[in-house]
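Asks: Input: one structure, supplied below.
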Amino acid sequence: MSKCRVCEGEVRKFFDFGKQPLSDTFLTEQESGEAYHFRLAVGLCTRCTMVQLLEEVPRDRMFHHDYPYHSSGSRRMREHFAQTARDLLATELTGEDPFCVEIGSNDGVMLGVIKDAGVRHLGVEPSGGVAELARKDGVRVRTDFFEETTARLIAGEDGPADVIYAANTICHIPYLDSIFRGVDALLRPGGVFVFEDPYLGDIVERNTFDQIYDEHFFLFTARSVRGVAHRFGFELVDVHRLPVHGGEVRYTIARRGERAPSPAVPALIAEETSRGLAELGTLEKLGDGIDRICADLVALLRDLRGRGLSVAGYGATAKSATVTNYAGIGPDLLPCVYDTTPAKIGRLMPGSRIPIRSAEEFGRPYPDYAVLFAWNHTEEILAKEEEFAAQGGKWIVYVPEVRVL
Ligand code: JHZ
Ligand code: SAH
Ligand code: ZN
């Protein structure tokens, strides 16, 4: 039995991927296969309904100087974060000398826009490499993990924050108690804590099981977020569904009693209840889909290879570590993956050790088929790589089911 990271209730496992490597550790050919592995299994807390991993990876193994993910790598995400910044500027950062803190600011894709507006800001980002990229753009960053002690230091040095924002970061943090106490220490009275993360409702609906990997410790619902907020003296006052990264929800949290909750909150929770998102039976069904998708994908790759056709992967995503390692896809079935990220090119996919090549080499020559691991960027990549399809190339997607586009 595993204990809930939020309420210490009982966590019941609903899927187990077995031993998995870290999804964002890209070794070189020279580095041996001694990579760190952990058990990737996911469960539901029977008390507070929080969906979470059963084993926690030490944070500095994942988030360190060489953390390879660059938030600015997608045009659509750059637009999304620019819009987010403009929304925060228009709604929450309107007082005299407002102050915006971002947890997990990465390469500064969001805070850069806040900086350009001349608004006081601070990113808190433990991964030194990406933090340095943000600083080069003039964004103020503290290379640190956000937690209660960090929050108190910031409050002492910079004063209270009007907004504390985080994207794709809070679900990465098992120590939510320290996060909420930190938010409480840093947020001004009347301020808001806004964060957005992959939504369990979308994962269940579209079978996007590859959202489950080391970094995604929690898979949130409005109900589980309302619960954890309440525990620490806060209230979930608004929810917005977002189309990015395969479906997310943006949660707005305020101190209890400070803001009237929007009707969108009970509406989304009611929808979650009717879909059975907090029931073990619903979540256990995900497993059938996972096994079917992996079997179908391997069968398709074997068939294509058997017919002498060439296949490559597109996007060395963190998500793809779950797919390749659970399905058992290695360089024999998929000889290489193309990606634009400098810190990934020339290295190997975690676990599967499939070589990663620069996306610039995709057309030299095009493979017959390409598995779109970055399926959340389908529109952007299909537009950018239209020549591939024009020359007869075919895209393979695997969620919600294996399909040739
Ligand atoms: P993408 C990461 O997940 C890890 P990943 C993390 N845990 C998380 O939650 C999300 O980000 C936010 C490449 N690419 O965004 C770049 C191209 O090659 O799906 C990336 O390596 N060409 C923090 O890794 C990858 O694909 C392109 O045109 O699953 C995309 O990674 C585009 C747009 C991307 O996140
Ligand atoms: N917000 C960006 C980055 C997401 S990647 C985006 O949405 O694209 C997740 C980031 O969270 C990484 O850069 C990682 O270094 C950072 N992170 C992990 N734990 C953290 C913590 N405790 N405090 C602040 N940042 C953290
Ligand atoms: Zn719990």
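Order determines the names: the first chain of the structure tokens is A, the second B, and so forth; residues in each chain are numbered 1 upward, and ligands are numbered 1 upward as they are shown.
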If we count only C-alpha atoms and set the cut-off at 10 Å, which residues sit around Gln391 in chain A, ignoring sequence neighbours fewer than 5 positions away in its own chain? Please answer as number ranges by chain.

Replies: A: 363, 366, 368, 386

Asks: With N, CA, C and O atoms kept, could you save the residues just selected as a PDB file, in the first residue's frame?

Replies:
```pdb
ATOM      1  N   GLY A 363      14.416  15.580 -43.860  1.00  0.00           N
ATOM      2  CA  GLY A 363      14.165  15.360 -45.292  1.00  0.00           C
ATOM      3  C   GLY A 363      15.353  14.823 -46.073  1.00  0.00           C
ATOM      4  O   GLY A 363      15.365  14.882 -47.301  1.00  0.00           O
ATOM      5  N   TYR A 366      13.555  11.819 -46.609  1.00  0.00           N
ATOM      6  CA  TYR A 366      12.394  11.552 -45.746  1.00  0.00           C
ATOM      7  C   TYR A 366      12.211  10.048 -45.557  1.00  0.00           C
ATOM      8  O   TYR A 366      12.407   9.279 -46.504  1.00  0.00           O
ATOM      9  N   ASP A 368       9.601   6.772 -45.033  1.00  0.00           N
ATOM     10  CA  ASP A 368       8.269   6.539 -45.593  1.00  0.00           C
ATOM     11  C   ASP A 368       7.177   6.890 -44.570  1.00  0.00           C
ATOM     12  O   ASP A 368       6.124   7.401 -44.925  1.00  0.00           O
ATOM     13  N   GLU A 386       5.169  20.172 -44.214  1.00  0.00           N
ATOM     14  CA  GLU A 386       4.175  19.810 -45.233  1.00  0.00           C
ATOM     15  C   GLU A 386       4.810  19.094 -46.419  1.00  0.00           C
ATOM     16  O   GLU A 386       4.182  18.278 -47.085  1.00  0.00           O
TER      17      GLU A 386
END
```

Asks: Write out as a short mmCIF file (atom, residue, chain, number, x, y, z; two decimals) with C-alpha atoms, in the first residue's frame each polymer residue whose atoms come within 12 Å of Thr150 in chain A, counting only C-alpha atoms; drop sequence neighbours fewer than 2 positions from it.

Replies:
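Listing of out.cif after writing:
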```
data_model
loop_
_atom_site.label_atom_id
_atom_site.label_comp_id
_atom_site.auth_asym_id
_atom_site.auth_seq_id
_atom_site.Cartn_x
_atom_site.Cartn_y
_atom_site.Cartn_z
CA VAL A 101 6.38 35.32 -9.52
CA ILE A 103 7.39 28.81 -10.48
CA GLY A 123 11.22 33.35 -12.03
CA VAL A 124 12.06 30.50 -9.68
CA GLU A 125 13.76 27.81 -11.72
CA PRO A 126 16.08 25.07 -10.39
CA ARG A 142 16.43 32.76 -9.01
CA THR A 143 18.04 29.34 -9.64
CA ASP A 144 16.24 27.44 -6.93
CA PHE A 145 13.44 25.04 -6.18
CA PHE A 146 10.30 26.85 -5.08
CA GLU A 147 9.24 25.62 -1.64
CA GLU A 148 8.34 27.22 1.67
CA ARG A 152 9.90 33.23 2.60
CA LEU A 153 13.26 34.47 1.32
CA ILE A 154 11.62 36.03 -1.75
CA ALA A 155 8.90 37.66 0.37
CA GLY A 156 11.67 39.13 2.57
CA GLU A 157 13.69 40.47 -0.37
CA ASP A 158 11.01 41.53 -2.87
CA SER A 178 5.51 23.10 1.18
CA ILE A 179 4.28 24.75 -2.05
CA ARG A 181 2.71 27.13 2.69
CA GLY A 182 5.16 28.98 0.44
CA VAL A 183 2.36 30.51 -1.59
CA ALA A 185 3.93 33.23 2.79
CA LEU A 186 4.51 35.08 -0.49
#
```

Asks: Ligand 2: which residues are within 9 Å, counting only C-alpha atoms and all ligand atoms, as a CSV table (one decimal) with all heavy atoms, in the first residue's frame?

Replies:
```
chain,number,residue,atom,x,y,z
A,59,ARG,N,14.2,15.0,-6.7
A,59,ARG,CA,14.0,16.1,-7.6
A,59,ARG,C,15.3,16.5,-8.3
A,59,ARG,O,15.2,16.9,-9.5
A,59,ARG,CB,13.4,17.3,-6.9
A,59,ARG,CG,14.2,17.9,-5.8
A,59,ARG,CD,13.5,19.0,-5.0
A,59,ARG,NE,14.3,19.7,-4.1
A,59,ARG,CZ,13.9,20.7,-3.3
A,59,ARG,NH1,12.6,21.1,-3.4
A,59,ARG,NH2,14.7,21.3,-2.5
A,60,ASP,N,16.4,16.4,-7.7
A,60,ASP,CA,17.6,16.9,-8.4
A,60,ASP,C,18.1,15.9,-9.5
A,60,ASP,O,19.0,16.2,-10.2
A,60,ASP,CB,18.8,17.2,-7.5
A,60,ASP,CG,18.5,17.0,-6.0
A,60,ASP,OD1,18.1,15.9,-5.6
A,60,ASP,OD2,18.5,18.0,-5.3
A,62,MET,N,16.0,14.9,-11.7
A,62,MET,CA,15.3,15.4,-12.9
A,62,MET,C,15.6,16.8,-13.3
A,62,MET,O,15.7,17.1,-14.4
A,62,MET,CB,13.8,15.2,-12.6
A,62,MET,CG,13.3,13.8,-12.3
A,62,MET,SD,11.5,13.7,-12.1
A,62,MET,CE,11.3,14.3,-10.5
A,63,PHE,N,15.7,17.7,-12.3
A,63,PHE,CA,15.8,19.1,-12.6
A,63,PHE,C,17.1,19.6,-12.1
A,63,PHE,O,17.4,19.8,-10.9
A,63,PHE,CB,14.6,19.9,-11.9
A,63,PHE,CG,13.3,19.2,-12.2
A,63,PHE,CD1,12.5,18.7,-11.1
A,63,PHE,CD2,12.8,19.2,-13.5
A,63,PHE,CE1,11.3,18.1,-11.4
A,63,PHE,CE2,11.6,18.6,-13.7
A,63,PHE,CZ,10.8,18.0,-12.7
A,64,HIS,N,18.0,19.8,-13.1
A,64,HIS,CA,19.4,20.1,-12.8
A,64,HIS,C,19.9,21.0,-13.9
A,64,HIS,O,19.2,21.3,-14.9
A,64,HIS,CB,20.2,18.9,-12.7
A,64,HIS,CG,19.9,17.9,-13.8
A,64,HIS,ND1,20.3,18.1,-15.1
A,64,HIS,CD2,19.2,16.7,-13.7
A,64,HIS,CE1,19.8,17.1,-15.8
A,64,HIS,NE2,19.2,16.2,-15.0
A,65,HIS,N,21.2,21.3,-13.9
A,65,HIS,CA,21.8,22.3,-14.8
A,65,HIS,C,21.5,21.9,-16.3
A,65,HIS,O,21.2,22.7,-17.1
A,65,HIS,CB,23.3,22.4,-14.6
A,65,HIS,CG,23.8,23.4,-15.6
A,65,HIS,ND1,24.3,23.1,-16.8
A,65,HIS,CD2,24.0,24.8,-15.4
A,65,HIS,CE1,24.6,24.2,-17.4
A,65,HIS,NE2,24.5,25.3,-16.6
A,67,TYR,N,18.9,20.1,-17.6
A,67,TYR,CA,17.6,19.8,-17.9
A,67,TYR,C,17.3,20.2,-19.4
A,67,TYR,O,17.5,21.4,-19.7
A,67,TYR,CB,16.6,20.5,-17.0
A,67,TYR,CG,15.1,20.1,-17.2
A,67,TYR,CD1,14.7,18.8,-17.0
A,67,TYR,CD2,14.2,21.1,-17.7
A,67,TYR,CE1,13.4,18.5,-17.2
A,67,TYR,CE2,12.9,20.7,-17.9
A,67,TYR,CZ,12.5,19.4,-17.7
A,67,TYR,OH,11.2,19.1,-17.9
A,68,PRO,N,16.9,19.3,-20.3
A,68,PRO,CA,16.9,19.6,-21.7
A,68,PRO,C,15.7,20.3,-22.3
A,68,PRO,O,15.8,20.9,-23.3
A,68,PRO,CB,17.1,18.3,-22.4
A,68,PRO,CG,16.4,17.3,-21.4
A,68,PRO,CD,16.6,17.9,-20.0
A,69,TYR,N,14.6,20.3,-21.6
A,69,TYR,CA,13.3,20.8,-22.2
A,69,TYR,C,13.3,22.3,-22.3
A,69,TYR,O,13.5,23.0,-21.3
A,69,TYR,CB,12.1,20.3,-21.4
A,69,TYR,CG,10.8,20.8,-22.1
A,69,TYR,CD1,10.4,20.2,-23.3
A,69,TYR,CD2,10.0,21.8,-21.6
A,69,TYR,CE1,9.2,20.6,-23.9
A,69,TYR,CE2,8.8,22.2,-22.2
A,69,TYR,CZ,8.5,21.6,-23.4
A,69,TYR,OH,7.3,22.0,-24.0
A,70,HIS,N,13.1,22.9,-23.5
A,70,HIS,CA,13.0,24.3,-23.7
A,70,HIS,C,11.6,24.7,-24.0
A,70,HIS,O,11.1,24.3,-25.0
A,70,HIS,CB,13.9,24.7,-24.8
A,70,HIS,CG,15.3,24.7,-24.5
A,70,HIS,ND1,16.3,25.2,-25.4
A,70,HIS,CD2,16.0,24.1,-23.5
A,70,HIS,CE1,17.5,25.0,-24.9
A,70,HIS,NE2,17.4,24.3,-23.7
A,71,SER,N,10.9,25.4,-23.1
A,71,SER,CA,9.5,25.8,-23.4
A,71,SER,C,9.3,26.6,-24.7
A,71,SER,O,8.2,26.5,-25.2
A,71,SER,CB,9.1,26.7,-22.2
A,71,SER,OG,9.2,26.0,-21.0
A,72,SER,N,10.3,27.3,-25.1
A,72,SER,CA,10.2,28.1,-26.3
A,72,SER,C,10.3,27.3,-27.6
A,72,SER,O,10.2,27.9,-28.7
A,72,SER,CB,11.2,29.2,-26.4
A,72,SER,OG,11.0,30.1,-25.3
A,73,GLY,N,10.4,26.0,-27.5
A,73,GLY,CA,10.6,25.1,-28.7
A,73,GLY,C,9.4,25.0,-29.6
A,73,GLY,O,9.5,24.5,-30.7
A,77,MET,N,3.2,27.3,-28.3
A,77,MET,CA,3.4,27.5,-26.9
A,77,MET,C,3.9,28.9,-26.6
A,77,MET,O,3.5,29.5,-25.6
A,77,MET,CB,4.3,26.4,-26.3
A,77,MET,CG,3.7,25.0,-26.2
A,77,MET,SD,2.0,24.9,-25.7
A,77,MET,CE,2.2,25.5,-24.0
A,78,ARG,N,4.7,29.4,-27.5
A,78,ARG,CA,5.2,30.8,-27.3
A,78,ARG,C,4.0,31.8,-27.4
A,78,ARG,O,3.9,32.7,-26.6
A,78,ARG,CB,6.2,31.2,-28.4
A,78,ARG,CG,7.6,30.5,-28.3
A,78,ARG,CD,8.7,31.2,-29.1
A,78,ARG,NE,8.4,31.2,-30.5
A,78,ARG,CZ,8.8,30.2,-31.3
A,78,ARG,NH1,9.4,29.1,-30.9
A,78,ARG,NH2,8.6,30.3,-32.6
A,81,PHE,N,1.9,31.4,-24.2
A,81,PHE,CA,2.4,32.1,-23.0
A,81,PHE,C,2.4,33.6,-23.1
A,81,PHE,O,2.2,34.3,-22.1
A,81,PHE,CB,3.8,31.5,-22.6
A,81,PHE,CG,3.7,30.1,-22.1
A,81,PHE,CD1,4.4,29.1,-22.7
A,81,PHE,CD2,3.0,29.8,-20.9
A,81,PHE,CE1,4.3,27.8,-22.1
A,81,PHE,CE2,2.9,28.6,-20.4
A,81,PHE,CZ,3.6,27.5,-21.0
A,102,GLU,N,6.9,33.5,-11.1
A,102,GLU,CA,6.6,32.3,-11.8
A,102,GLU,C,7.4,31.1,-11.2
A,102,GLU,O,8.6,31.2,-11.1
A,102,GLU,CB,6.8,32.4,-13.3
A,102,GLU,CG,6.4,31.1,-14.0
A,102,GLU,CD,6.5,31.1,-15.5
A,102,GLU,OE1,7.0,32.0,-16.1
A,102,GLU,OE2,6.1,30.1,-16.1
A,103,ILE,N,6.7,30.0,-10.9
A,103,ILE,CA,7.4,28.8,-10.5
A,103,ILE,C,7.6,27.9,-11.7
A,103,ILE,O,6.7,27.6,-12.4
A,103,ILE,CB,6.5,28.1,-9.5
A,103,ILE,CG1,6.0,29.0,-8.3
A,103,ILE,CG2,7.2,26.8,-8.9
A,103,ILE,CD1,5.0,28.3,-7.4
A,104,GLY,N,8.9,27.6,-12.0
A,104,GLY,CA,9.2,26.8,-13.1
A,104,GLY,C,9.2,27.6,-14.4
A,104,GLY,O,8.5,27.3,-15.4
A,105,SER,N,10.0,28.7,-14.4
A,105,SER,CA,9.9,29.7,-15.5
A,105,SER,C,10.7,29.3,-16.7
A,105,SER,O,10.6,29.9,-17.8
A,105,SER,CB,10.4,31.1,-15.0
A,105,SER,OG,11.6,30.9,-14.3
A,106,ASN,N,11.5,28.2,-16.6
A,106,ASN,CA,12.2,27.6,-17.7
A,106,ASN,C,13.0,28.6,-18.4
A,106,ASN,O,13.7,29.4,-17.8
A,106,ASN,CB,11.2,26.8,-18.6
A,106,ASN,CG,11.9,25.8,-19.5
A,106,ASN,OD1,12.4,26.1,-20.6
A,106,ASN,ND2,12.1,24.6,-19.0
A,107,ASP,N,12.8,28.7,-19.8
A,107,ASP,CA,13.7,29.7,-20.5
A,107,ASP,C,13.1,31.1,-20.6
A,107,ASP,O,13.6,31.9,-21.4
A,107,ASP,CB,14.0,29.1,-21.9
A,107,ASP,CG,12.7,28.9,-22.8
A,107,ASP,OD1,11.6,29.3,-22.3
A,107,ASP,OD2,12.8,28.3,-23.8
A,108,GLY,N,12.1,31.3,-19.8
A,108,GLY,CA,11.5,32.7,-19.7
A,108,GLY,C,10.5,33.0,-20.7
A,108,GLY,O,10.1,34.2,-20.9
A,109,VAL,N,9.9,32.0,-21.3
A,109,VAL,CA,8.9,32.2,-22.4
A,109,VAL,C,7.7,33.0,-21.9
A,109,VAL,O,7.2,33.9,-22.7
A,109,VAL,CB,8.5,30.8,-23.0
A,109,VAL,CG1,7.7,30.0,-21.9
A,109,VAL,CG2,7.6,31.0,-24.2
A,110,MET,N,7.3,32.9,-20.7
A,110,MET,CA,6.1,33.7,-20.2
A,110,MET,C,6.6,35.0,-19.6
A,110,MET,O,6.2,36.1,-19.9
A,110,MET,CB,5.3,32.9,-19.2
A,110,MET,CG,3.9,33.3,-18.9
A,110,MET,SD,3.7,34.9,-18.0
A,110,MET,CE,4.2,34.4,-16.3
A,123,GLY,N,11.4,34.8,-11.7
A,123,GLY,CA,11.2,33.4,-12.0
A,123,GLY,C,12.0,32.5,-11.0
A,123,GLY,O,13.0,32.9,-10.5
A,124,VAL,N,11.4,31.4,-10.6
A,124,VAL,CA,12.1,30.5,-9.7
A,124,VAL,C,12.2,29.2,-10.5
A,124,VAL,O,11.2,28.6,-10.8
A,124,VAL,CB,11.3,30.3,-8.4
A,124,VAL,CG1,12.1,29.4,-7.4
A,124,VAL,CG2,10.9,31.6,-7.8
A,125,GLU,N,13.5,28.9,-10.8
A,125,GLU,CA,13.8,27.8,-11.7
A,125,GLU,C,15.0,27.1,-11.3
A,125,GLU,O,16.1,27.6,-11.4
A,125,GLU,CB,13.9,28.4,-13.1
A,125,GLU,CG,14.3,27.5,-14.2
A,125,GLU,CD,13.5,26.2,-14.3
A,125,GLU,OE1,12.3,26.2,-14.6
A,125,GLU,OE2,14.0,25.1,-13.9
A,126,PRO,N,14.9,25.8,-10.9
A,126,PRO,CA,16.1,25.1,-10.4
A,126,PRO,C,17.0,24.6,-11.5
A,126,PRO,O,18.2,24.4,-11.2
A,126,PRO,CB,15.5,23.8,-9.7
A,126,PRO,CG,14.1,23.7,-10.4
A,126,PRO,CD,13.7,25.0,-10.7
A,127,SER,N,16.5,24.5,-12.7
A,127,SER,CA,17.4,24.0,-13.8
A,127,SER,C,18.2,25.1,-14.4
A,127,SER,O,17.7,26.0,-15.1
A,127,SER,CB,16.5,23.3,-14.9
A,127,SER,OG,15.8,22.2,-14.3
A,128,GLY,N,19.5,25.1,-14.0
A,128,GLY,CA,20.4,26.2,-14.3
A,128,GLY,C,20.6,26.6,-15.7
A,128,GLY,O,20.7,27.8,-16.1
A,130,VAL,N,18.4,26.3,-18.4
A,130,VAL,CA,17.3,27.1,-19.0
A,130,VAL,C,17.1,28.4,-18.2
A,130,VAL,O,16.8,29.4,-18.9
A,130,VAL,CB,16.0,26.3,-18.9
A,130,VAL,CG1,16.0,25.2,-20.0
A,130,VAL,CG2,15.7,25.7,-17.6
A,131,ALA,N,17.5,28.4,-16.9
A,131,ALA,CA,17.4,29.7,-16.2
A,131,ALA,C,18.4,30.7,-16.8
A,131,ALA,O,18.0,31.9,-16.9
A,131,ALA,CB,17.8,29.4,-14.7
A,143,THR,N,17.8,30.8,-9.4
A,143,THR,CA,18.0,29.3,-9.6
A,143,THR,C,17.8,28.6,-8.3
A,143,THR,O,18.7,28.5,-7.5
A,143,THR,CB,19.5,29.1,-10.2
A,143,THR,OG1,19.6,29.9,-11.4
A,143,THR,CG2,19.6,27.7,-10.6
A,144,ASP,N,16.6,28.0,-8.2
A,144,ASP,CA,16.2,27.4,-6.9
A,144,ASP,C,15.0,26.6,-7.1
A,144,ASP,O,14.2,26.9,-8.0
A,144,ASP,CB,15.9,28.6,-5.9
A,144,ASP,CG,16.5,28.3,-4.6
A,144,ASP,OD1,16.8,27.2,-4.2
A,144,ASP,OD2,16.7,29.3,-3.8
A,145,PHE,N,14.7,25.7,-6.2
A,145,PHE,CA,13.4,25.0,-6.2
A,145,PHE,C,12.5,25.9,-5.4
A,145,PHE,O,12.9,26.4,-4.3
A,145,PHE,CB,13.5,23.7,-5.5
A,145,PHE,CG,14.2,22.6,-6.3
A,145,PHE,CD1,15.6,22.4,-6.2
A,145,PHE,CD2,13.4,21.9,-7.2
A,145,PHE,CE1,16.2,21.4,-7.0
A,145,PHE,CE2,14.0,20.9,-8.0
A,145,PHE,CZ,15.4,20.6,-7.9
A,146,PHE,N,11.3,26.1,-5.9
A,146,PHE,CA,10.3,26.8,-5.1
A,146,PHE,C,9.8,25.9,-4.0
A,146,PHE,O,9.5,24.7,-4.3
A,146,PHE,CB,9.1,27.3,-5.9
A,146,PHE,CG,8.1,28.2,-5.2
A,146,PHE,CD1,8.3,29.5,-5.2
A,146,PHE,CD2,7.1,27.6,-4.5
A,146,PHE,CE1,7.4,30.3,-4.5
A,146,PHE,CE2,6.2,28.4,-3.8
A,146,PHE,CZ,6.3,29.8,-3.8
A,147,GLU,N,9.8,26.4,-2.8
A,147,GLU,CA,9.2,25.6,-1.6
A,147,GLU,C,9.1,26.7,-0.5
A,147,GLU,O,9.3,27.8,-0.7
A,147,GLU,CB,10.2,24.5,-1.2
A,147,GLU,CG,11.6,24.9,-0.9
A,147,GLU,CD,12.5,23.8,-0.7
A,147,GLU,OE1,12.1,22.6,-0.5
A,147,GLU,OE2,13.8,24.0,-0.8
A,165,TYR,N,2.4,32.3,-10.6
A,165,TYR,CA,1.9,31.6,-11.7
A,165,TYR,C,2.8,30.4,-12.0
A,165,TYR,O,4.0,30.4,-11.7
A,165,TYR,CB,1.9,32.5,-13.0
A,165,TYR,CG,1.6,31.8,-14.3
A,165,TYR,CD1,0.3,31.4,-14.6
A,165,TYR,CD2,2.7,31.4,-15.1
A,165,TYR,CE1,0.1,30.7,-15.8
A,165,TYR,CE2,2.4,30.7,-16.3
A,165,TYR,CZ,1.1,30.4,-16.6
A,165,TYR,OH,0.9,29.7,-17.8
A,166,ALA,N,2.3,29.3,-12.5
A,166,ALA,CA,3.1,28.1,-12.8
A,166,ALA,C,2.4,27.3,-14.0
A,166,ALA,O,1.2,27.2,-13.9
A,166,ALA,CB,3.3,27.2,-11.7
A,167,ALA,N,3.1,26.9,-15.0
A,167,ALA,CA,2.6,26.1,-16.0
A,167,ALA,C,3.4,24.8,-16.1
A,167,ALA,O,4.6,24.8,-16.1
A,167,ALA,CB,2.7,26.8,-17.4
A,168,ASN,N,2.7,23.7,-16.1
A,168,ASN,CA,3.4,22.4,-16.2
A,168,ASN,C,4.5,22.2,-15.2
A,168,ASN,O,5.6,21.7,-15.5
A,168,ASN,CB,3.9,22.2,-17.7
A,168,ASN,CG,2.9,22.5,-18.7
A,168,ASN,OD1,1.9,21.7,-18.7
A,168,ASN,ND2,3.0,23.5,-19.5
A,169,THR,N,4.2,22.7,-14.0
A,169,THR,CA,5.2,22.6,-13.0
A,169,THR,C,4.6,22.1,-11.7
A,169,THR,O,5.2,21.2,-11.0
A,169,THR,CB,5.9,24.0,-12.7
A,169,THR,OG1,6.6,24.4,-14.0
A,169,THR,CG2,6.9,23.9,-11.6
A,170,ILE,N,3.5,22.6,-11.3
A,170,ILE,CA,2.9,22.1,-10.0
A,170,ILE,C,2.7,20.6,-9.9
A,170,ILE,O,2.9,20.0,-8.9
A,170,ILE,CB,1.7,23.0,-9.6
A,170,ILE,CG1,2.0,24.5,-9.5
A,170,ILE,CG2,1.1,22.5,-8.3
A,170,ILE,CD1,3.1,24.8,-8.6
A,172,HIS,N,4.5,18.5,-11.1
A,172,HIS,CA,5.8,17.9,-11.1
A,172,HIS,C,6.3,17.8,-9.6
A,172,HIS,O,7.4,17.3,-9.3
A,172,HIS,CB,6.8,18.7,-11.9
A,172,HIS,CG,6.6,18.7,-13.3
A,172,HIS,ND1,5.4,19.0,-13.9
A,172,HIS,CD2,7.4,18.4,-14.4
A,172,HIS,CE1,5.5,19.0,-15.2
A,172,HIS,NE2,6.7,18.6,-15.6
A,173,ILE,N,5.5,18.4,-8.7
A,173,ILE,CA,6.1,18.6,-7.3
A,173,ILE,C,5.3,17.8,-6.3
A,173,ILE,O,4.2,18.2,-5.9
A,173,ILE,CB,6.0,20.2,-7.0
A,173,ILE,CG1,6.8,20.9,-8.1
A,173,ILE,CG2,6.6,20.4,-5.6
A,173,ILE,CD1,6.8,22.4,-7.9
A,174,PRO,N,5.9,16.7,-5.8
A,174,PRO,CA,5.2,15.9,-4.8
A,174,PRO,C,4.9,16.7,-3.5
A,174,PRO,O,3.9,16.4,-2.8
A,174,PRO,CB,6.1,14.7,-4.5
A,174,PRO,CG,7.1,14.8,-5.7
A,174,PRO,CD,7.2,16.2,-6.2
A,175,TYR,N,5.8,17.6,-3.1
A,175,TYR,CA,5.7,18.3,-1.8
A,175,TYR,C,4.8,19.5,-1.9
A,175,TYR,O,5.2,20.6,-1.6
A,175,TYR,CB,7.1,18.7,-1.3
A,175,TYR,CG,8.1,19.2,-2.4
A,175,TYR,CD1,8.3,20.6,-2.6
A,175,TYR,CD2,8.7,18.3,-3.3
A,175,TYR,CE1,9.1,21.1,-3.6
A,175,TYR,CE2,9.6,18.8,-4.3
A,175,TYR,CZ,9.8,20.2,-4.4
A,175,TYR,OH,10.6,20.6,-5.4
A,179,ILE,N,4.7,23.8,-1.0
A,179,ILE,CA,4.3,24.7,-2.0
A,179,ILE,C,3.2,25.7,-1.5
A,179,ILE,O,3.3,26.9,-1.6
A,179,ILE,CB,3.8,24.0,-3.3
A,179,ILE,CG1,4.9,23.2,-4.0
A,179,ILE,CG2,3.2,25.0,-4.3
A,179,ILE,CD1,6.1,24.0,-4.4
A,196,GLU,N,-1.5,25.8,-14.4
A,196,GLU,CA,-2.1,24.9,-15.4
A,196,GLU,C,-1.3,23.7,-15.6
A,196,GLU,O,-0.1,23.7,-15.6
A,196,GLU,CB,-2.3,25.7,-16.7
A,196,GLU,CG,-1.0,26.3,-17.3
A,196,GLU,CD,-1.2,27.4,-18.3
A,196,GLU,OE1,-1.8,28.4,-17.9
A,196,GLU,OE2,-0.8,27.2,-19.5
A,197,ASP,N,-2.0,22.6,-15.7
A,197,ASP,CA,-1.3,21.3,-15.9
A,197,ASP,C,-2.2,20.3,-16.7
A,197,ASP,O,-3.4,20.6,-16.8
A,197,ASP,CB,-1.1,20.7,-14.4
A,197,ASP,CG,0.1,21.3,-13.7
A,197,ASP,OD1,1.2,21.1,-14.2
A,197,ASP,OD2,-0.2,22.1,-12.7
A,215,GLU,N,8.2,12.9,-14.3
A,215,GLU,CA,8.0,14.3,-14.0
A,215,GLU,C,6.5,14.6,-13.6
A,215,GLU,O,6.2,15.5,-12.8
A,215,GLU,CB,8.4,15.2,-15.1
A,215,GLU,CG,9.9,15.1,-15.3
A,215,GLU,CD,10.4,15.9,-16.5
A,215,GLU,OE1,9.7,16.8,-17.0
A,215,GLU,OE2,11.5,15.6,-17.0
```

Asks: For Arg347 in chain A, which residue among A:Leu27, A:Ala312, A:Leu372, A:Cys7 is the nearest when counting only C-alpha atoms?

Replies: A:Leu27

Asks: Enumerate the residues of range 266-368 of chain A with a DSSP assignment of alpha helix (DSSP H), computed from the backbone, and present them as an MDAnalysis selection string.

Replies: chainID A and resid 266:274 280:306 318:327

Asks: Do a neighbour search on Val51 in chain A at 7 Å with only C-alpha atoms, toss out local chain neighbours closer than 2 positions, and write the hits as an MDAnalysis selection string.

Replies: chainID A and resid 43:45 49 218:220

Asks: Taking only C-alpha atoms and all ligand atoms and a cut-off of 7 Å, can you tell me which residues surround ligand 3, written as a PyMOL selection string?

Replies: chain A and resi 4-10+45-50

Asks: Just the residues within 12 Å of Ala327 in chain A, please, counting only C-alpha atoms, with nothing from its chain fewer than 6 positions along; format it as number ranges by chain.

Replies: A: 17-18, 20, 210, 290-299, 301, 320-321, 333, 351-352, 398

Asks: Which of range 157-246 of chain A counts as strand (DSSP E or B) under DSSP, as number ranges by chain please?

Replies: A: 161-167, 187-199, 218-220, 234-242

Asks: Just checking: using only C-alpha atoms, which residue out of A:Glu279, A:Glu29, A:Asp16, A:Asp116 ends up closest to Gly346 in chain A?

Replies: A:Glu29

Asks: Measure the distance from CA of Glu361 in chain A to CA of Trp395 in chain A in Å and round it to one decimal.

Replies: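 CA of Glu361 in chain A sits 16.7 Å away from CA of Trp395 in chain A.
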